[in-house]
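Notes to accompany the following structure.
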Amino acid sequence: FPSHDITSNTASTTGTIGGGLTVAGILFSTNPGNNISITNATGGVGILGLGSSGIDIRASTNRTLTLSAPISLNADQTWYTGLTNANTAMINANGVVSGAGRLTIAGASGSSNQYVFFATNNTFSGGLTLNSGGAVKAGSMNAIVSGSTVLSNMLGIGSLTINGGTIFGGSGTLAFPNISVNGDFAVNSGTNANSARLTLGGGTMDLGGATRVV
């Protein structure tokens with residue numbers, strides 16, 4: 001299927017994928033009338049396959065997208081968040097994210113830590129890129145992440161490239177085979193302040209020959 005615009009201005013806010021669904025991507029062309037959820041039928045194991053169009057909800061000013069089915073990254077792609085309140089989740093990935101595609105996280109122009117939340121360990125192997133304006137969170141859906149624990153592969157099993165943005169997480173280590181830092185970034189800033197220690201580790205770290213500010 002092509003990229004699906006699932007903007008909803010009706011009472012129907014939950015889509016059930018049954019035995020599975022593959023699309024080029026998910027798009028909010030306008031701000032939805034309600035929050036949107038995509039889930040499996042009761043007892044189902046269907047996978048939501050996403051192609052190169054990824055997820056784009058930049059048109060959303062106060063609505064969220066929750067993906068409760070398993071997700072497969074079938075191609076390299078970007079997930080864009082929107083402009084709801086600062087330091088809040090806009091894309092919730094509650095199912096396991098798998099596949100060989102590389103996932104890039106970015107935000108709308110003027111974004112302020114509207115983040116993508118990852119609920120569990122994920123197995124996608126293409127790596128994660130965090131761009132300026134993008135934010136990710138692992139470990140807890142609570143407004144404050146103190147006291148929660150991250151799992152080592154919540155952001156996948158591939159490499160991590162940081163071009164900017166913000167990483168939120170509770171205590172523990174997010175592990176990557178290698179980390180490339182190409183720009184300044186933030187950790188647990190804003191209302192998600194965390195008194196515990198979040199570690200990025202597991203492999204080599206390349207700062208690109210420059211001084212980076214965290």
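Chains: A, B, ... in order of the structure tokens. Residues: from 1 per chain. Ligands: from 1, in order shown.
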- Do you know which residues are at most 7 Å from Thr84 of chain A counting only C-alpha atoms, after dropping those on the same chain fewer than 5 positions away, and could you put them as JSON, numbers by chain? {"A": [61, 62, 63, 114]}
Would you save the residues of that selection, restricted to all heavy atoms, as a PDB file, in the first residue's frame?
```
ATOM      1  N   THR A  61      -0.707  19.253  16.263  1.00  0.00           N
ATOM      2  CA  THR A  61      -0.384  20.245  17.288  1.00  0.00           C
ATOM      3  C   THR A  61      -0.752  19.771  18.684  1.00  0.00           C
ATOM      4  O   THR A  61      -0.259  20.328  19.662  1.00  0.00           O
ATOM      5  CB  THR A  61      -1.107  21.575  17.011  1.00  0.00           C
ATOM      6  OG1 THR A  61      -2.520  21.329  16.931  1.00  0.00           O
ATOM      7  CG2 THR A  61      -0.621  22.196  15.718  1.00  0.00           C
ATOM      8  N   ASN A  62      -1.591  18.751  18.798  1.00  0.00           N
ATOM      9  CA  ASN A  62      -1.932  18.258  20.137  1.00  0.00           C
ATOM     10  C   ASN A  62      -2.418  16.808  20.138  1.00  0.00           C
ATOM     11  O   ASN A  62      -3.025  16.364  21.106  1.00  0.00           O
ATOM     12  CB  ASN A  62      -3.002  19.146  20.779  1.00  0.00           C
ATOM     13  CG  ASN A  62      -4.325  19.125  20.021  1.00  0.00           C
ATOM     14  OD1 ASN A  62      -4.397  18.625  18.907  1.00  0.00           O
ATOM     15  ND2 ASN A  62      -5.368  19.682  20.627  1.00  0.00           N
ATOM     16  N   ARG A  63      -2.135  16.058  19.081  1.00  0.00           N
ATOM     17  CA  ARG A  63      -2.577  14.680  19.002  1.00  0.00           C
ATOM     18  C   ARG A  63      -1.394  13.734  18.868  1.00  0.00           C
ATOM     19  O   ARG A  63      -0.355  14.097  18.322  1.00  0.00           O
ATOM     20  CB  ARG A  63      -3.528  14.485  17.828  1.00  0.00           C
ATOM     21  CG  ARG A  63      -4.804  15.321  17.909  1.00  0.00           C
ATOM     22  CD  ARG A  63      -5.592  15.037  19.165  1.00  0.00           C
ATOM     23  NE  ARG A  63      -6.833  15.803  19.224  1.00  0.00           N
ATOM     24  CZ  ARG A  63      -7.627  15.851  20.286  1.00  0.00           C
ATOM     25  NH1 ARG A  63      -7.317  15.164  21.378  1.00  0.00           N
ATOM     26  NH2 ARG A  63      -8.728  16.571  20.252  1.00  0.00           N
ATOM     27  N   GLN A 114       9.442  17.115  21.856  1.00  0.00           N
ATOM     28  CA  GLN A 114       8.335  16.192  21.632  1.00  0.00           C
ATOM     29  C   GLN A 114       8.963  14.884  21.154  1.00  0.00           C
ATOM     30  O   GLN A 114       9.636  14.868  20.130  1.00  0.00           O
ATOM     31  CB  GLN A 114       7.364  16.752  20.585  1.00  0.00           C
ATOM     32  CG  GLN A 114       6.561  17.940  21.061  1.00  0.00           C
ATOM     33  CD  GLN A 114       7.269  19.273  20.894  1.00  0.00           C
ATOM     34  OE1 GLN A 114       8.378  19.336  20.391  1.00  0.00           O
ATOM     35  NE2 GLN A 114       6.630  20.349  21.306  1.00  0.00           N
TER      36      GLN A 114
END
```
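For the choices A:Asn92, A:Thr22, A:Asn131, A:Ser171, the atom-to-atom distance to Asn35 of chain A is smallest for A:Asn92 when using only C-alpha atoms.
We find atom CA of Asn163 of chain A and atom CA of Asn31 of chain A to be spaced 27.9 Å apart.
Minimum atom-to-atom distance to Asn121 of chain A, evaluated using only C-alpha atoms, belongs to A:Met154 out of A:Val136, A:Ala24, A:Met154, A:Val97.
Candidate residues A:Ala100, A:Val23, A:Ala186, A:Val116 were compared for distance to Gly156 of chain A, and the nearest is A:Ala100, using only C-alpha atoms.
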- Message: Give me, as a PyMOL selection string, the residues of segment 83-126 of chain A that a backbone DSSP run labels strand (DSSP E or B).
- Response: chain A and resi 89-93+97-99+103-106+115-118
